[in-house]
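For reference, the structure is listed below as structure tokens.
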Amino acid sequence: MEGLLELSYALDTFYFLLSGLLVMWMAAGFTMLESGLVRSKNTVEILTKNVALYSIACIMYMLVGYNIMYGDGGSIIPGISFLVSGDNTVAQVVAGGEDAPYYSNISDFFFQVVFVATAMSIISGAVAERMKLWSFLLFAVVLTGVLYPVHGYWTWGGGFLDELGYADYAGSGIVHMAGAAAALAGVILLGPRKGKYGPDGKVNAIPGANMPLATLGMLILWMGWFGFNGGSELRISDVESANAVAQVFANTNIAAASGLVVALIVSRIWFGKADLTMALNGALAGLVAITAEPSLPPMILASFIGAVGGAIVVGSIVLLDRIKIDDPVGAISAHGVAGVWGLLAVLLSNPDATLGGQLAGIAVIFVWIFGASLAVWFAIKSIMGIRVSEEEEYEGLDMVDCGMNAYPEFVGSKGAK
Amino acid sequence: MKKLEIITRPFKVEAVKEALAHLGIKGMTLTDVKGFGRQMGHKEVYRGAEYEVDFLPKVKMEVILDDSLVDQAIDAVIKAARTNRVGDGKIFVYPVENAVRIRTGESGDQAI
């Protein structure tokens, strides 16, 4: 029996680490998606933002974020302590029973740290092509070290939203809508890209530079999501858990597929042509929507949840443009609006979830992250500014912030032979 | 000595080149260009927002030839490049004062 307990501990830990590895790779997905949907003059800068925000998230979460999220606190005020170390002993594991740990603490840290990085990745796409690099990175320090861990504590950490019965399996609200709320606050303070909106309410298209990269990015995210949702079962070493994980994989997949197909059809009917970028957003919206509850719905319901996500993301993107909220990659729509839908759709399959609990979770997380982010963005704006000058924006952030081009051989004499 | 400047659709380049080669023309210069004529641009939609594609991709071919070949060459190009749809392009004819082959220093008809 002891040997079996050790083995299942090892298996669950291994599964947790592997899931975390898949979620880590979502950083690559966001990076490619965003670099494909911006203009080529901003490529190096968006790549830099993505790799730097991921790394900052890892450091801040180790220093303090994880401890805020999973420390000892009241129902509202989280505890605070620093650094993460220490793991379970063999004796604790083989003691067995309900309270015995069944995976490594450090594997839990690893799985959680890649989630906070995901939340931060959502923001970089929405503020792309006009935000100062270092202002953005400063915001990343605050969001990943403090803001996200606080509502993480209220929910997964056992705080008051958890007590209210808020159900959010892998983080449609905690990760995705939160990232979108922070992005929305940033975009409102930042304003749209120059030339995006004409004087008489005309919306101008600013096509992205590289559709193959955007598509690759979406597919990497789709793949990473199996870790994001699948790992959130937290266990695989018995028949019930293994079946649940399999259901989560199948539901996650079908929701993405359904979201993509619906967004593609809606864009074809609405705009006259099949808009690939909308299809990419549709798949992501399907993924975000199913994230709140991927284990309980039968596949056909998961398909419906993803399909609705794919439809509303197209409408949301067009609507946000009408009210001059300029989001170059559609992050606010795919992660925020589809996230809200996903949280409400939990009620379709989870008998323990309540409308009140879901609405409370949506409202609290949105108000907290939107409000706190607005304050932080505003403080950064007052100290060092958040937007590059008009001239720098026309020149492109690559040269302004990073001093290099993504493809120097294609832009004039520099480096050309 | 004349220069023909032929603006045509990119996918017609091979056909025009072949047609001119049949007349014995030994060289030409080709440039990718963008422009519009009577067809103007057209509208596309990206993420729900319309945008105009004002300048369409075309190819500019420049050929220097003897005066006696001009009419034949124009006919050949028309035959090769015509699709009967707006946007087939144009041919401009210019007089050329002289031509010099850099390698040998030959000039005039000898150099083309």
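Residue numbering restarts at 1 in every chain; chains get A, B, ... in the order shown in the structure tokens, and ligands count up from 1 in that same order.
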Distance filter 7 Å, only C-alpha atoms, chain A against chain B, as number ranges by chain: A: 203-205, 207, 271, 275, 277-278, 318
Contacts of Val100 in chain B at 10 Å (only C-alpha atoms; same-chain gap of 3+ positions) as a PyMOL selection string: chain B and resi 103-112
Hey, can you spit out that residue selection with C-alpha atoms as a short mmCIF file (atom, residue, chain, number, x, y, z; two decimals), in the first residue's frame?
```
data_model
loop_
_atom_site.label_atom_id
_atom_site.label_comp_id
_atom_site.auth_asym_id
_atom_site.auth_seq_id
_atom_site.Cartn_x
_atom_site.Cartn_y
_atom_site.Cartn_z
CA ARG B 103 31.12 46.06 -71.69
CA THR B 104 32.24 46.99 -75.23
CA GLY B 105 31.39 50.64 -75.60
CA GLU B 106 29.23 49.90 -78.70
CA SER B 107 26.38 52.32 -79.17
CA GLY B 108 23.21 52.86 -81.21
CA ASP B 109 21.46 49.86 -82.77
CA GLN B 110 24.52 47.73 -82.08
CA ALA B 111 23.93 48.07 -78.37
CA ILE B 112 20.36 46.75 -78.14
#
```
Nearby residues (only C-alpha atoms) at most 9 Å from Lys60 in chain B, same-chain spacing under 2 positions excluded, as a list of chain:residue names: B:Glu5, B:Ile6, B:Ile7, B:Thr8, B:Arg9, B:Pro10, B:Thr29, B:Leu30, B:Thr31, B:Asp32, B:Val33, B:Lys58, B:Glu62
Distance query range 83-96 of chain A at most 6 Å, only C-alpha atoms, self and fewer than 6 positions along chain excluded, as a list of chain:residue names: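 Residues meeting the cut-off are A:Glu2, A:Leu5, A:Met62, A:Leu63, A:Asn105.
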Per-residue DSSP, range 18-105 of chain B, filtered to strand (DSSP E), as a tab-separated table (two decimals) with C-alpha atoms, in the first residue's frame:
```
chain	number	residue	atom	x	y	z
B	29	THR	CA	13.99	45.07	-67.55
B	30	LEU	CA	11.24	44.19	-65.11
B	31	THR	CA	10.07	46.00	-61.98
B	32	ASP	CA	7.34	45.16	-59.48
B	33	VAL	CA	5.13	48.20	-59.20
B	34	LYS	CA	1.79	49.17	-57.67
B	35	GLY	CA	-0.79	51.43	-59.17
B	42	HIS	CA	-11.34	47.78	-54.22
B	43	LYS	CA	-12.56	47.27	-50.69
B	44	GLU	CA	-11.69	44.44	-48.33
B	45	VAL	CA	-12.77	43.73	-44.76
B	46	TYR	CA	-10.34	42.95	-41.91
B	49	ALA	CA	-13.42	47.08	-40.63
B	50	GLU	CA	-13.35	47.98	-44.32
B	51	TYR	CA	-10.15	49.05	-45.96
B	52	GLU	CA	-9.34	50.13	-49.48
B	53	VAL	CA	-6.71	48.45	-51.53
B	56	LEU	CA	-2.84	47.01	-56.96
B	57	PRO	CA	0.27	45.00	-57.74
B	58	LYS	CA	1.40	45.26	-61.38
B	59	VAL	CA	4.59	44.62	-63.27
B	60	LYS	CA	6.42	47.17	-65.38
B	61	MET	CA	8.45	45.77	-68.28
B	62	GLU	CA	10.81	48.01	-70.19
B	63	VAL	CA	12.03	47.03	-73.64
B	64	ILE	CA	14.29	48.94	-76.03
B	65	LEU	CA	13.77	48.06	-79.70
B	90	LYS	CA	-1.05	50.04	-70.61
B	91	ILE	CA	1.79	50.38	-73.10
B	92	PHE	CA	3.72	53.64	-73.33
B	93	VAL	CA	6.07	54.32	-76.25
B	94	TYR	CA	9.05	56.67	-75.81
B	95	PRO	CA	11.74	57.82	-78.19
```
Separation of CA of Asn243 in chain A from CA of Trp156 in chain A in Å: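 A separation of 22.8 Å between them.
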Who sits within 10 Å of Leu219 in chain A, only C-alpha atoms, same chain under 5 positions skipped, as a ChimeraX atom specification: /A:26,29,32-33,213-214,224-225,280,283-284
Between CA of Pro199 in chain A and CA of Asp321 in chain A, distance in Å (one decimal):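 Computed distance, CA of Pro199 in chain A to CA of Asp321 in chain A, equals 13.8 Å.
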Residue set, range 157-350 of chain A restricted to alpha helix (DSSP H), as JSON, numbers by chain: {"A": [160, 161, 162, 163, 178, 179, 180, 181, 182, 183, 184, 185, 186, 187, 188, 189, 190, 211, 212, 213, 214, 215, 216, 217, 218, 219, 220, 221, 222, 223, 224, 225, 226, 227, 228, 229, 230, 239, 240, 241, 242, 243, 244, 245, 246, 247, 248, 249, 250, 251, 252, 253, 254, 255, 256, 257, 258, 259, 260, 261, 262, 263, 264, 265, 266, 267, 268, 269, 270, 271, 276, 277, 278, 279, 280, 281, 282, 283, 284, 285, 286, 287, 288, 289, 290, 291, 299, 300, 301, 302, 303, 304, 305, 306, 307, 308, 309, 310, 311, 312, 313, 314, 315, 316, 317, 318, 319, 320, 321, 322, 331, 338, 339, 340, 341, 342, 343, 344, 345]}
Who sits within 6 Å of Leu264 in chain A, only C-alpha atoms, same chain under 2 positions skipped, as a ChimeraX atom specification: /A:261-262,266-267,274,279
Residue neighbourhood Val16 in chain B, 7 Å, only C-alpha atoms, exclusion window fewer than 6 positions, as a count of residues only: 3
One-decimal distance in Å that lies between CA of Ile46 in chain A and CA of Ile206 in chain A: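 Pair CA of Ile206 in chain A / CA of Ile46 in chain A returns 16.0 Å.
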